[in-house]
2 protein chains.
Amino acid sequence: MDTDRLNGDGAGGSRAEESAAGVDRRPIVGVVGLGAMGRGIVQNLLQKGYSVVGHDINPQALAWLKDQGASVACDAGDLACRTRMVVSFVVDNRQTDEVLFGAFGLAQALRPGALLIACSTMSPRYLQGLEERLSWSGVELLDAPVTGGMVGARQGTLTVMVGGPATRLERARPVLSTFAGRIVHLGDLPGAGARMKVINQLLCGVHIVAAAEALALAQSQGLRLETTLDVLYSGAASSWMLGDRGPRMVQGAFSEVTSAVDIFVKDLALVVEAAQAVNAETPLAQAALHTFRLASAHGWGALDDSAVLRVLTSDR
Amino acid sequence: MDTDRLNGDGAGGSRAEESAAGVDRRPIVGVVGLGAMGRGIVQNLLQKGYSVVGHDINPQALAWLKDQGASVACDAGDLACRTRMVVSFVVDNRQTDEVLFGAFGLAQALRPGALLIACSTMSPRYLQGLEERLSWSGVELLDAPVTGGMVGARQGTLTVMVGGPATRLERARPVLSTFAGRIVHLGDLPGAGARMKVINQLLCGVHIVAAAEALALAQSQGLRLETTLDVLYSGAASSWMLGDRGPRMVQGAFSEVTSAVDIFVKDLALVVEAAQAVNAETPLAQAALHTFRLASAHGWGALDDSAVLRVLTSDR
């Protein structure tokens, strides 16, 4: 592990020796955005020998971080002087902008040569612009969105879709490997990862609404939902989302939020925007977006995305 | 194995003894409808110790049947005097009606007490009516649609969704077990299996169009399709259909037909009809139906259903 390239103080040394002396010299990784995904990543980093310094605007997330034995960044300067590698798992373009260029001001605080690993789902166009804006501060960007859900984040089996120069990917690889089962290099420019992630979200969003549509229709037809889910999942109708969200839909467990309705309102809007930019037709993504928007309009935007079922059933 | 209940001649006797004497006394099962699914079923029946007597209106299917070492029914009377158990894998309501009550006239030919195992995807309403129409001839009906695709039919791993009295299911079970990995009893009345199958087809049809939409958008965005499919299938975006139809879409192998575009034009119409009957909304199923109909209108109805991709791409 190349601690010099990770840690702000440039101090090397073997971790085993140092920790025997009681000094924590584990390489430090910054993590911003401590939602469901970010927390899984923090746990994997800690388990696999890294120290973590984190930031989130939610005080509960910071309390959680301390409980894990990681440290909280006082401010962007604190974070920047402790590490040269920051993984971002904030929600979207807007939050990324806020962390980097808003009140927190991470872009200016980070030292030249620091690497920002951007794992949020964002528009390819935003990523391309971000590369340019960060280059003014000498900060390097790796476009690295993931798929595999909260389960994959916890288990360290995510697939990472990488856009950026190979040198940056190699620098990030040890850190990515703590939470990734698979790392796919899609192109040398930031944006390639984001483009793939948009396609990925098209399927995820459509599959969730499809699962909801199927279960709602089964219920209307008088079929038992547990049996229905079981049968559907056993054959050609199965999807990862049916297996993951299906049980929550059957139980109506919408307040255990792993990913909220509004995340898909955002992600499917990115899909439709990307499609319009190239004159592609996406009839299912549009119908799915419409259904998630209805769920949000009903006031269920902060519930688990499986709550989209409610739009399609009469018993709400 | 209870040969008396299967074979028209009522002759019992141990199969091992008889075949040692050179006389074929394997229990005989009738199979009508020798498309991709029916053929898989025939192969499983033959491998697992049954004789098969088959019927199809396509002479090539009958030639294939002889090649397998099964026999061709001269007419419905021939089929009916050789077996008391017929599995039907014809395409739909219309073909079922034709085989049973049309020129072939199987319903009248079958002896009272014969069992018709109806594995086609049909409307629940049709199944309920069929039960009554067959009861006039003393023929028993088992509503037994399947899921698992051509792959499942070949490997004998289909899931069978059964509607009908338990006694009929038990009588059919040894035969169903030759091609089923799973048999789920959903209700005592014919129609319960069909209702579940309709839900199953909702997901299958939507997942195929979703895969097409994702790959078409990836292509428009300049992503390599092989890599895209690989990444999508590795994470939360995966579905059985993406794994099965995705490679055919990437290769453009639309003339290797395992299930045709027009099958989903039919099946998704059943979904929409079933939903309308109970005032349920199925936005994705409707969008998917619309897309399959466009494919059919373009003249691609007889191509593999993966050809629905063509509707969504500019290079046709």
# chains A, B, ... in the order shown; residues from 1 in each chain; ligands from 1
>>> residues_around(residues="Phe89 (chain A)", least_positions_apart="3", cutoff="10 Å", atoms="only C-alpha atoms", output="ChimeraX atom specification")
/A:31-39,41,56,86,92,95-96,117-121,145-146
>>> write_last_selection(atoms="C-alpha atoms", output="PDB file, in the first residue's frame")
ATOM      1  CA  VAL A  31     -15.132   9.940   2.488  1.00  0.00           C
ATOM      2  CA  VAL A  32     -17.808  12.580   1.883  1.00  0.00           C
ATOM      3  CA  GLY A  33     -21.474  11.590   1.805  1.00  0.00           C
ATOM      4  CA  LEU A  34     -22.336   9.103   4.527  1.00  0.00           C
ATOM      5  CA  GLY A  35     -25.674   7.772   3.338  1.00  0.00           C
ATOM      6  CA  ALA A  36     -26.438   4.074   2.924  1.00  0.00           C
ATOM      7  CA  MET A  37     -23.797   3.623   0.242  1.00  0.00           C
ATOM      8  CA  GLY A  38     -21.111   5.779   1.878  1.00  0.00           C
ATOM      9  CA  ARG A  39     -21.486   3.916   5.157  1.00  0.00           C
ATOM     10  CA  ILE A  41     -17.772   1.979   1.881  1.00  0.00           C
ATOM     11  CA  ASP A  56     -21.513  14.816   5.906  1.00  0.00           C
ATOM     12  CA  VAL A  86     -11.274  11.540  -1.230  1.00  0.00           C
ATOM     13  CA  ASP A  92     -25.941  14.053  -7.072  1.00  0.00           C
ATOM     14  CA  GLN A  95     -24.489  18.022  -3.603  1.00  0.00           C
ATOM     15  CA  THR A  96     -21.153  17.458  -5.323  1.00  0.00           C
ATOM     16  CA  ILE A 117     -13.036   9.628  -6.671  1.00  0.00           C
ATOM     17  CA  ALA A 118     -16.563  10.616  -7.636  1.00  0.00           C
ATOM     18  CA  CYS A 119     -18.921   7.686  -7.041  1.00  0.00           C
ATOM     19  CA  SER A 120     -22.254   9.535  -7.164  1.00  0.00           C
ATOM     20  CA  THR A 121     -24.674   9.090 -10.058  1.00  0.00           C
ATOM     21  CA  PRO A 145     -19.992   5.469 -10.221  1.00  0.00           C
ATOM     22  CA  VAL A 146     -20.975   2.076  -8.856  1.00  0.00           C
TER      23      VAL A 146
END
>>> closest_atom_pairs(of="chain B", to="chain A", cutoff="6 Å", atoms="only C-alpha atoms", output="JSON lines")
{"residue": "B:Thr147", "atom": "CA", "partner": "A:Gly235", "partner_atom": "CA", "distance": 5.5}
{"residue": "B:Gly148", "atom": "CA", "partner": "A:Gly235", "partner_atom": "CA", "distance": 4.6}
{"residue": "B:Ile199", "atom": "CA", "partner": "A:Ala214", "partner_atom": "CA", "distance": 5.6}
{"residue": "B:Asn200", "atom": "CA", "partner": "A:Ala237", "partner_atom": "CA", "distance": 5.7}
{"residue": "B:Leu203", "atom": "CA", "partner": "A:Ala237", "partner_atom": "CA", "distance": 5.2}
{"residue": "B:Cys204", "atom": "CA", "partner": "A:Ala237", "partner_atom": "CA", "distance": 4.9}
{"residue": "B:Glu213", "atom": "CA", "partner": "A:Thr282", "partner_atom": "CA", "distance": 5.9}
{"residue": "B:Ala214", "atom": "CA", "partner": "A:Ile199", "partner_atom": "CA", "distance": 5.5}
{"residue": "B:Leu232", "atom": "CA", "partner": "A:Asn200", "partner_atom": "CA", "distance": 5.9}
{"residue": "B:Gly235", "atom": "CA", "partner": "A:Gly148", "partner_atom": "CA", "distance": 4.6}
{"residue": "B:Ala236", "atom": "CA", "partner": "A:Gly148", "partner_atom": "CA", "distance": 4.8}
{"residue": "B:Ala237", "atom": "CA", "partner": "A:Cys204", "partner_atom": "CA", "distance": 4.9}
{"residue": "B:Ser238", "atom": "CA", "partner": "A:Trp240", "partner_atom": "CA", "distance": 5.6}
{"residue": "B:Ser239", "atom": "CA", "partner": "A:Ser239", "partner_atom": "CA", "distance": 3.8}
{"residue": "B:Trp240", "atom": "CA", "partner": "A:Ala236", "partner_atom": "CA", "distance": 5.5}
{"residue": "B:Thr282", "atom": "CA", "partner": "A:Glu213", "partner_atom": "CA", "distance": 5.9}
{"residue": "B:Leu284", "atom": "CA", "partner": "A:Leu284", "partner_atom": "CA", "distance": 5.8}
>>> write_last_selection(atoms="C-alpha atoms", output="tab-separated table (two decimals), in the first residue's frame")
chain	number	residue	atom	x	y	z
B	147	THR	CA	-41.89	-20.09	-16.98
B	148	GLY	CA	-38.18	-20.54	-17.56
B	199	ILE	CA	-48.14	-11.49	-14.24
B	200	ASN	CA	-45.01	-13.41	-15.20
B	203	LEU	CA	-42.21	-8.81	-16.22
B	204	CYS	CA	-40.72	-10.85	-19.07
B	213	GLU	CA	-33.84	0.38	-24.48
B	214	ALA	CA	-30.66	0.23	-22.37
B	232	LEU	CA	-25.17	-4.24	-16.51
B	235	GLY	CA	-24.98	-5.62	-10.72
B	236	ALA	CA	-28.36	-4.29	-9.67
B	237	ALA	CA	-29.47	-3.79	-13.29
B	238	SER	CA	-29.47	-7.48	-14.10
B	239	SER	CA	-32.45	-9.57	-15.09
B	240	TRP	CA	-32.94	-13.08	-16.43
B	282	THR	CA	-49.80	-1.01	-15.97
B	284	LEU	CA	-44.75	-0.16	-18.31
>>> select_by_dssp(residues="region 73-284 of chain A", states="strand (DSSP E)", output="PyMOL selection string")
chain A and resi 85-88+115-118+140-143+146-147+158-163+180-187
>>> closest_residue(among="B:Val42, B:Asp97, B:Ala144, B:Asp305", to="Ala61 (chain B)", atoms="only C-alpha atoms")
B:Val42
>>> residues_around(residues="Arg293 (chain B)", least_positions_apart="2", cutoff="10 Å", atoms="only C-alpha atoms", output="JSON, numbers by chain")
{"B": [261, 262, 264, 265, 266, 268, 269, 287, 288, 289, 290, 291, 295, 296, 297, 298, 299, 300, 301, 308, 311]}
>>> atom_distance(atom1="CA of Ala70 (chain B)", atom2="CA of Thr83 (chain B)")
13.4 Å
>>> residues_around(residues="Val53 (chain B)", least_positions_apart="2", cutoff="8 Å", atoms="only C-alpha atoms", output="PyMOL selection string")
chain B and resi 28-31+51+55+70-73+79+82
>>> write_last_selection(atoms="all heavy atoms", output="CSV table (one decimal), in the first residue's frame")
chain,number,residue,atom,x,y,z
B,28,ILE,N,-47.2,-43.7,-22.5
B,28,ILE,CA,-47.2,-42.8,-23.7
B,28,ILE,C,-47.9,-41.5,-23.2
B,28,ILE,O,-49.0,-41.5,-22.6
B,28,ILE,CB,-48.0,-43.4,-24.8
B,28,ILE,CG1,-47.4,-44.7,-25.3
B,28,ILE,CG2,-48.0,-42.4,-26.0
B,28,ILE,CD1,-48.2,-45.5,-26.4
B,29,VAL,N,-47.2,-40.4,-23.6
B,29,VAL,CA,-47.8,-39.1,-23.4
B,29,VAL,C,-48.0,-38.4,-24.7
B,29,VAL,O,-47.1,-38.5,-25.6
B,29,VAL,CB,-46.9,-38.2,-22.5
B,29,VAL,CG1,-47.4,-36.8,-22.3
B,29,VAL,CG2,-46.7,-38.8,-21.1
B,30,GLY,N,-49.2,-37.8,-24.9
B,30,GLY,CA,-49.4,-37.0,-26.1
B,30,GLY,C,-48.9,-35.6,-25.9
B,30,GLY,O,-49.0,-35.0,-24.8
B,31,VAL,N,-48.2,-35.0,-27.0
B,31,VAL,CA,-47.8,-33.7,-26.9
B,31,VAL,C,-48.3,-33.0,-28.2
B,31,VAL,O,-48.0,-33.4,-29.3
B,31,VAL,CB,-46.2,-33.6,-26.8
B,31,VAL,CG1,-45.8,-32.1,-26.8
B,31,VAL,CG2,-45.7,-34.3,-25.6
B,51,SER,N,-42.8,-42.7,-23.7
B,51,SER,CA,-43.0,-42.6,-25.2
B,51,SER,C,-43.8,-41.4,-25.4
B,51,SER,O,-44.6,-40.9,-24.6
B,51,SER,CB,-43.8,-43.8,-25.7
B,51,SER,OG,-42.9,-44.9,-25.9
B,55,HIS,N,-48.4,-34.2,-32.2
B,55,HIS,CA,-49.1,-33.5,-33.3
B,55,HIS,C,-48.7,-32.1,-33.4
B,55,HIS,O,-48.5,-31.4,-32.4
B,55,HIS,CB,-50.6,-33.6,-33.0
B,55,HIS,CG,-51.4,-32.7,-34.0
B,55,HIS,ND1,-51.5,-33.0,-35.3
B,55,HIS,CD2,-52.1,-31.6,-33.8
B,55,HIS,CE1,-52.3,-32.1,-35.9
B,55,HIS,NE2,-52.6,-31.2,-35.0
B,70,ALA,N,-39.9,-40.5,-31.5
B,70,ALA,CA,-41.3,-40.4,-31.0
B,70,ALA,C,-42.2,-40.7,-32.2
B,70,ALA,O,-41.7,-40.8,-33.3
B,70,ALA,CB,-41.6,-39.1,-30.4
B,71,SER,N,-43.5,-40.9,-31.9
B,71,SER,CA,-44.3,-41.2,-33.1
B,71,SER,C,-45.3,-40.0,-33.3
B,71,SER,O,-45.6,-39.2,-32.4
B,71,SER,CB,-45.1,-42.5,-32.9
B,71,SER,OG,-45.9,-42.4,-31.8
B,72,VAL,N,-45.8,-40.0,-34.6
B,72,VAL,CA,-46.7,-38.9,-35.0
B,72,VAL,C,-48.1,-39.4,-35.0
B,72,VAL,O,-48.3,-40.6,-35.5
B,72,VAL,CB,-46.3,-38.4,-36.4
B,72,VAL,CG1,-47.3,-37.5,-37.0
B,72,VAL,CG2,-44.9,-37.8,-36.4
B,73,ALA,N,-49.0,-38.7,-34.4
B,73,ALA,CA,-50.4,-39.1,-34.4
B,73,ALA,C,-51.0,-38.9,-35.8
B,73,ALA,O,-50.9,-37.8,-36.4
B,73,ALA,CB,-51.2,-38.3,-33.4
B,79,LEU,N,-54.3,-40.3,-31.7
B,79,LEU,CA,-53.7,-39.8,-30.5
B,79,LEU,C,-54.5,-40.2,-29.2
B,79,LEU,O,-54.0,-40.7,-28.2
B,79,LEU,CB,-53.6,-38.3,-30.6
B,79,LEU,CG,-52.6,-37.6,-29.7
B,79,LEU,CD1,-52.3,-36.2,-30.3
B,79,LEU,CD2,-53.1,-37.4,-28.3
B,82,ARG,N,-54.2,-43.8,-28.0
B,82,ARG,CA,-52.9,-44.2,-27.5
B,82,ARG,C,-52.5,-43.6,-26.2
B,82,ARG,O,-51.6,-44.1,-25.5
B,82,ARG,CB,-51.8,-43.9,-28.6
B,82,ARG,CG,-51.9,-44.8,-29.8
B,82,ARG,CD,-51.3,-44.2,-31.0
B,82,ARG,NE,-49.8,-44.3,-30.9
B,82,ARG,CZ,-49.0,-43.9,-31.9
B,82,ARG,NH1,-49.5,-43.2,-32.9
B,82,ARG,NH2,-47.7,-44.0,-31.8
>>> atom_distance(atom1="CA of Leu62 (chain A)", atom2="CA of Val139 (chain A)")
25.2 Å
>>> atom_distance(atom1="CA of Ala302 (chain B)", atom2="CA of Gln68 (chain B)")
25.6 Å
>>> residues_around(residues="Gly69 (chain A)", least_positions_apart="4", cutoff="10 Å", atoms="only C-alpha atoms", output="list in words")
Gln43, Leu46, Ser51, Val52, Val53, Trp64 and Leu65 of chain A
>>> closest_residue(among="B:Ala180, B:Val175, B:Ala194, B:Leu309", to="Gly163 (chain B)", atoms="only C-alpha atoms")
B:Ala194
>>> select_by_dssp(residues="region 169-241 of chain B", states="alpha helix (DSSP H)", output="PyMOL selection string")
chain B and resi 169-177+192-220+225-234+240-241
>>> residues_around(residues="Glu140 (chain A)", least_positions_apart="5", cutoff="8 Å", atoms="only C-alpha atoms", output="PyMOL selection string")
chain A and resi 113-116+131+134-135+168
>>> write_last_selection(atoms="N, CA and C atoms", output="compact mmCIF listing (two decimals), in the first residue's frame")
# COMPACT_ATOMS: atom_id res chain seq x y z
N GLY A 113 -2.73 17.72 -6.92
CA GLY A 113 -2.35 16.31 -6.99
C GLY A 113 -3.27 15.41 -6.20
N ALA A 114 -4.16 16.00 -5.39
CA ALA A 114 -5.13 15.17 -4.67
C ALA A 114 -6.07 14.53 -5.68
N LEU A 115 -6.60 13.36 -5.31
CA LEU A 115 -7.49 12.63 -6.22
C LEU A 115 -8.90 12.57 -5.65
N LEU A 116 -9.86 13.04 -6.43
CA LEU A 116 -11.26 12.94 -6.02
C LEU A 116 -11.91 11.80 -6.79
N GLU A 131 -14.26 18.01 -14.41
CA GLU A 131 -12.86 17.73 -14.70
C GLU A 131 -12.10 19.05 -14.94
N LEU A 134 -11.98 21.32 -11.72
CA LEU A 134 -11.05 20.84 -10.70
C LEU A 134 -9.60 21.02 -11.13
N SER A 135 -9.38 20.96 -12.43
CA SER A 135 -8.01 21.05 -12.91
C SER A 135 -7.39 22.41 -12.55
N ARG A 168 -4.68 7.45 -13.01
CA ARG A 168 -5.54 7.78 -11.86
C ARG A 168 -6.26 6.53 -11.35
>>> residues_around(residues="region 246-259 of chain A", least_positions_apart="5", cutoff="6 Å", atoms="only C-alpha atoms", output="MDAnalysis selection string")
chainID A and resid 303:307
>>> decode(residues="region 235-246 of chain B", atoms="N, CA, C and O atoms", output="PDB file, in the first residue's frame")
ATOM      1  N   GLY B 235     -24.512  -6.334 -11.910  1.00  0.00           N
ATOM      2  CA  GLY B 235     -24.978  -5.623 -10.719  1.00  0.00           C
ATOM      3  C   GLY B 235     -26.481  -5.554 -10.585  1.00  0.00           C
ATOM      4  O   GLY B 235     -27.207  -6.464 -11.000  1.00  0.00           O
ATOM      5  N   ALA B 236     -26.954  -4.458 -10.016  1.00  0.00           N
ATOM      6  CA  ALA B 236     -28.361  -4.285  -9.668  1.00  0.00           C
ATOM      7  C   ALA B 236     -29.269  -4.151 -10.887  1.00  0.00           C
ATOM      8  O   ALA B 236     -30.482  -4.233 -10.774  1.00  0.00           O
ATOM      9  N   ALA B 237     -28.673  -3.964 -12.073  1.00  0.00           N
ATOM     10  CA  ALA B 237     -29.466  -3.790 -13.291  1.00  0.00           C
ATOM     11  C   ALA B 237     -29.805  -5.113 -13.962  1.00  0.00           C
ATOM     12  O   ALA B 237     -30.507  -5.136 -14.964  1.00  0.00           O
ATOM     13  N   SER B 238     -29.335  -6.216 -13.389  1.00  0.00           N
ATOM     14  CA  SER B 238     -29.469  -7.481 -14.101  1.00  0.00           C
ATOM     15  C   SER B 238     -30.877  -8.060 -14.034  1.00  0.00           C
ATOM     16  O   SER B 238     -31.647  -7.786 -13.125  1.00  0.00           O
ATOM     17  N   SER B 239     -31.193  -8.816 -15.048  1.00  0.00           N
ATOM     18  CA  SER B 239     -32.450  -9.565 -15.089  1.00  0.00           C
ATOM     19  C   SER B 239     -32.184 -10.854 -15.862  1.00  0.00           C
ATOM     20  O   SER B 239     -31.210 -10.930 -16.626  1.00  0.00           O
ATOM     21  N   TRP B 240     -33.054 -11.828 -15.679  1.00  0.00           N
ATOM     22  CA  TRP B 240     -32.939 -13.085 -16.431  1.00  0.00           C
ATOM     23  C   TRP B 240     -32.955 -12.776 -17.923  1.00  0.00           C
ATOM     24  O   TRP B 240     -32.163 -13.307 -18.692  1.00  0.00           O
ATOM     25  N   MET B 241     -33.864 -11.891 -18.332  1.00  0.00           N
ATOM     26  CA  MET B 241     -34.010 -11.553 -19.746  1.00  0.00           C
ATOM     27  C   MET B 241     -32.774 -10.842 -20.292  1.00  0.00           C
ATOM     28  O   MET B 241     -32.377 -11.069 -21.432  1.00  0.00           O
ATOM     29  N   LEU B 242     -32.157  -9.985 -19.495  1.00  0.00           N
ATOM     30  CA  LEU B 242     -30.938  -9.309 -19.941  1.00  0.00           C
ATOM     31  C   LEU B 242     -29.859 -10.354 -20.234  1.00  0.00           C
ATOM     32  O   LEU B 242     -29.153 -10.271 -21.238  1.00  0.00           O
ATOM     33  N   GLY B 243     -29.764 -11.364 -19.384  1.00  0.00           N
ATOM     34  CA  GLY B 243     -28.786 -12.427 -19.583  1.00  0.00           C
ATOM     35  C   GLY B 243     -29.104 -13.310 -20.779  1.00  0.00           C
ATOM     36  O   GLY B 243     -28.212 -13.791 -21.470  1.00  0.00           O
ATOM     37  N   ASP B 244     -30.403 -13.508 -21.038  1.00  0.00           N
ATOM     38  CA  ASP B 244     -30.806 -14.413 -22.113  1.00  0.00           C
ATOM     39  C   ASP B 244     -30.910 -13.695 -23.465  1.00  0.00           C
ATOM     40  O   ASP B 244     -30.384 -14.159 -24.465  1.00  0.00           O
ATOM     41  N   ARG B 245     -31.619 -12.564 -23.495  1.00  0.00           N
ATOM     42  CA  ARG B 245     -31.830 -11.853 -24.760  1.00  0.00           C
ATOM     43  C   ARG B 245     -30.709 -10.857 -25.064  1.00  0.00           C
ATOM     44  O   ARG B 245     -30.475 -10.543 -26.232  1.00  0.00           O
ATOM     45  N   GLY B 246     -30.038 -10.348 -24.002  1.00  0.00           N
ATOM     46  CA  GLY B 246     -28.984  -9.349 -24.194  1.00  0.00           C
ATOM     47  C   GLY B 246     -27.939  -9.771 -25.226  1.00  0.00           C
ATOM     48  O   GLY B 246     -27.665  -9.023 -26.173  1.00  0.00           O
TER      49      GLY B 246
END
